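Student: One structure follows; several queries about it will come next.
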Amino acid sequence: MGGPVAAEETAAADGGRRTGDRARGRRRGGTANLATVAASAGVSIATVSKVVNGRSDVGPETRARVQSLLEQHNYVGRRAEPATGTGPRTVELVFHGDQTGYALAILDGVLEAAARAGVSVAVSVRARRDHPVEQPPANVWVRQLVALDRTAVIDVVDDARHGDLAALARSKVPFVLLDPLSLPQREVPSIGTTNFSGALTATQHLIDLGHRRIAHYGGPPEFLFSRARAHGYRAAMEGAGLPVPDGYVGVGSYDHAGGVAGGGALLDRPDRPTAIFAATDESAAGVIEAARLRGLRVPEDLSLVGFDDAPISRLLSPPLTTVRQPLLEMGRVALQTALRLAAGEPLEVHHVELATELIVRASTAPPV
């Protein structure tokens, strides 16, 4: 396989196109090829190629000037050719933000499928947009993936509007979204679960136990699966003819701290709910803590259902009734899909939703 910018250099060598390429690059949102960067820097395409590929035989001032222009032009670069399968294959598994039991279960599924396929997995973490930390910009990060010759990328719980995905698409490195935060373009492969029906089943379980004052603690409404779970909750309540009072749908972070705060706000209401459907197991754990701080018992005073069936759900006291996402299977399917894309195989469908399942444990009971 050639160097990571070989195809880019060949395409850029046609004379007389530099001015047009530069203009087209600006119209495409700032992307550019090597010729555009070389012309702006006043150096040869070969010099820019050396900087992109980390070669040492470029002067420091020239290197700094070229790197600055690469950033200004949002240069990503493209893999010279698809992975052939004859050399070692490595899939990049990318998580975003703080990691939980959810992420570990996904990782287990990816590793299991990778071992069967004889593929290595490299794990990296990118910060979320609302948690800015020092990290390479999207185009720099993707250039590194191209230089490392990654076979494919699995991007977990990312936003389809995020710059990382646009840079990946320009690079031509195959990638799969796993549990995306927003609806991706139709041609972008993604793996998810039946969030709506899972939430409906969870809420219906509480209704069947006899609960009528049922609240929902959910996540940020801009997230695709947050909206799906909230809609499933409301559909179950509406189907049973039960009201959803103003303020009965709490919104906050999906972590333990969010559950403590959001659950506490629901439990402090004068019309305190007798049951809560929490949109993740981590936030459900926080709701249990909020109940304990108020002298309320689960499930005697409050029934609680979570979502994920992450390892924490079995360790809580009492063990948590929850909606099981097939996290291991999601990881396996994502790895298999990534390898199919890398091999140039067509996909029958671009978005796959795996079935959820209600797991009943000791955190739910009929109201007293």
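Chain labels follow the order of the structure tokens: the first chain is A, the next B, and so on; residue numbering restarts at 1 in every chain, and ligands are counted from 1 in their shown order.
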Name the residues of range 75-205 of chain A that come out as strand (DSSP E or B) in a backbone DSSP run; write them as number ranges by chain.
Tutor: A: 90-96, 120-126, 152-156, 175-178, 190-193
Student: Apply DSSP to the backbone of this structure and, from range 62-263 of chain A, keep only the residues in alpha helix (DSSP H); write these as a PyMOL selection string.
Tutor: chain A and resi 62-72+101-117+138-147+163-171+195-208+224-239+256-263
Student: Could you please take those selected residues and save C-alpha atoms as a JSON list (two decimals), in the first residue's frame?
Tutor:
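Below you can see part-v4.json, which holds the result:
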```
[["chain", "number", "residue", "atom", "x", "y", "z"],
["A", 62, "THR", "CA", 8.70, 25.68, 6.64],
["A", 63, "ARG", "CA", 7.12, 22.88, 8.68],
["A", 64, "ALA", "CA", 5.36, 25.37, 10.96],
["A", 65, "ARG", "CA", 4.08, 27.38, 7.97],
["A", 66, "VAL", "CA", 2.77, 24.28, 6.20],
["A", 67, "GLN", "CA", 1.14, 22.88, 9.34],
["A", 68, "SER", "CA", -0.60, 26.20, 9.94],
["A", 69, "LEU", "CA", -1.96, 26.19, 6.40],
["A", 70, "LEU", "CA", -3.07, 22.57, 6.69],
["A", 71, "GLU", "CA", -5.19, 23.66, 9.64],
["A", 72, "GLN", "CA", -6.52, 26.75, 7.88],
["A", 101, "GLY", "CA", -20.33, 0.23, 32.20],
["A", 102, "TYR", "CA", -22.17, 0.79, 28.92],
["A", 103, "ALA", "CA", -18.86, 1.51, 27.15],
["A", 104, "LEU", "CA", -17.16, -1.52, 28.70],
["A", 105, "ALA", "CA", -19.92, -3.82, 27.45],
["A", 106, "ILE", "CA", -19.62, -2.37, 23.94],
["A", 107, "LEU", "CA", -15.84, -2.85, 24.11],
["A", 108, "ASP", "CA", -16.27, -6.51, 25.11],
["A", 109, "GLY", "CA", -18.51, -7.12, 22.09],
["A", 110, "VAL", "CA", -16.09, -5.44, 19.69],
["A", 111, "LEU", "CA", -13.11, -7.35, 21.10],
["A", 112, "GLU", "CA", -14.96, -10.68, 20.90],
["A", 113, "ALA", "CA", -15.82, -10.18, 17.23],
["A", 114, "ALA", "CA", -12.34, -8.84, 16.45],
["A", 115, "ALA", "CA", -10.70, -11.93, 17.96],
["A", 116, "ARG", "CA", -12.81, -14.17, 15.74],
["A", 117, "ALA", "CA", -11.93, -12.10, 12.66],
["A", 138, "ALA", "CA", -11.00, 16.69, 13.81],
["A", 139, "ASN", "CA", -8.94, 17.02, 10.63],
["A", 140, "VAL", "CA", -5.64, 16.44, 12.50],
["A", 141, "TRP", "CA", -7.06, 13.42, 14.31],
["A", 142, "VAL", "CA", -8.32, 11.88, 11.07],
["A", 143, "ARG", "CA", -4.98, 12.54, 9.33],
["A", 144, "GLN", "CA", -3.39, 10.50, 12.11],
["A", 145, "LEU", "CA", -5.83, 7.65, 11.47],
["A", 146, "VAL", "CA", -5.03, 7.78, 7.75],
["A", 147, "ALA", "CA", -1.28, 7.74, 8.47],
["A", 163, "GLY", "CA", -16.84, 17.63, 12.82],
["A", 164, "ASP", "CA", -15.19, 14.25, 13.45],
["A", 165, "LEU", "CA", -17.68, 12.53, 11.16],
["A", 166, "ALA", "CA", -17.32, 15.06, 8.36],
["A", 167, "ALA", "CA", -13.55, 14.62, 8.49],
["A", 168, "LEU", "CA", -13.88, 10.83, 8.46],
["A", 169, "ALA", "CA", -16.15, 11.00, 5.42],
["A", 170, "ARG", "CA", -13.63, 13.13, 3.54],
["A", 171, "SER", "CA", -10.82, 10.72, 4.38],
["A", 195, "ASN", "CA", -35.34, 2.71, 22.18],
["A", 196, "PHE", "CA", -39.00, 3.63, 21.67],
["A", 197, "SER", "CA", -40.41, 0.16, 22.22],
["A", 198, "GLY", "CA", -38.01, -0.45, 25.12],
["A", 199, "ALA", "CA", -39.24, 2.68, 26.90],
["A", 200, "LEU", "CA", -42.85, 1.81, 26.15],
["A", 201, "THR", "CA", -42.35, -1.68, 27.63],
["A", 202, "ALA", "CA", -40.66, -0.27, 30.74],
["A", 203, "THR", "CA", -43.48, 2.18, 31.38],
["A", 204, "GLN", "CA", -46.15, -0.43, 30.63],
["A", 205, "HIS", "CA", -44.54, -2.71, 33.23],
["A", 206, "LEU", "CA", -45.07, -0.02, 35.87],
["A", 207, "ILE", "CA", -48.64, 0.54, 34.69],
["A", 208, "ASP", "CA", -49.37, -3.19, 34.86],
["A", 224, "LEU", "CA", -31.91, 10.89, 19.29],
["A", 225, "PHE", "CA", -32.31, 8.07, 21.82],
["A", 226, "SER", "CA", -33.40, 10.52, 24.55],
["A", 227, "ARG", "CA", -36.32, 11.61, 22.41],
["A", 228, "ALA", "CA", -37.18, 8.02, 21.47],
["A", 229, "ARG", "CA", -37.27, 6.92, 25.12],
["A", 230, "ALA", "CA", -39.35, 9.94, 26.15],
["A", 231, "HIS", "CA", -41.79, 9.26, 23.29],
["A", 232, "GLY", "CA", -42.07, 5.62, 24.33],
["A", 233, "TYR", "CA", -42.87, 6.67, 27.91],
["A", 234, "ARG", "CA", -45.52, 9.13, 26.76],
["A", 235, "ALA", "CA", -47.05, 6.60, 24.36],
["A", 236, "ALA", "CA", -47.52, 4.09, 27.20],
["A", 237, "MET", "CA", -49.04, 6.73, 29.48],
["A", 238, "GLU", "CA", -51.37, 8.00, 26.76],
["A", 239, "GLY", "CA", -52.37, 4.44, 25.83],
["A", 256, "HIS", "CA", -25.22, 9.20, 38.61],
["A", 257, "ALA", "CA", -25.05, 12.88, 39.59],
["A", 258, "GLY", "CA", -27.79, 13.72, 37.10],
["A", 259, "GLY", "CA", -30.00, 11.02, 38.59],
["A", 260, "VAL", "CA", -29.45, 12.31, 42.13],
["A", 261, "ALA", "CA", -30.41, 15.86, 41.13],
["A", 262, "GLY", "CA", -33.17, 15.05, 38.66],
["A", 263, "GLY", "CA", -34.62, 12.24, 40.74]]
```
Student: For CA of Ile154 in chain A and CA of Thr322 in chain A, determine how far apart the two atoms are, in Å to one decimal place.
Tutor: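 Separation of CA of Ile154 in chain A and CA of Thr322 in chain A: 26.2 Å.
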Student: So which one's closest to His351 in chain A, A:Asp149, A:Asp158, A:Asp179, A:Asp98? Using only C-alpha atoms, please.
Tutor: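 Smallest distance to His351 in chain A is found for A:Asp179.
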Student: For Ala343 in chain A, which of A:Ser120, A:Thr151, A:Gln99, A:Gln135 is the closest residue, counting only C-alpha atoms?
Tutor: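 With only C-alpha atoms as the atom set, the closest residue is A:Thr151.
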Student: Select, from A:Val121, A:Glu300, A:Ile312, A:Gly59, the residue with the minimum atom-to-atom distance to Pro88 in chain A, counting only C-alpha atoms.
Tutor: A:Val121
Student: Near Val352 in chain A, counting only C-alpha atoms, which residues have an atom at most 10 Å away, once you skip same-chain residues fewer than 6 positions from it, shown as a VMD selection string?
Tutor: chain A and resid 178 189 to 194 330 333 to 334
Student: In Å to one decimal, how far is CA of Glu92 in chain A from CA of Val51 in chain A?
Tutor: 23.4 Å
Student: So, counting only C-alpha atoms, which residue among A:Ala365, A:Glu282, A:Gln336, A:Glu61 is closest to Asp301 in chain A?
Tutor: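 Looking only at the distances to Asp301 in chain A, the closest residue turns out to be A:Ala365.
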Student: Between CA of Val157 in chain A and CA of Arg186 in chain A, what is the spacing in Å?
Tutor: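 These atoms are spaced 17.0 Å apart.
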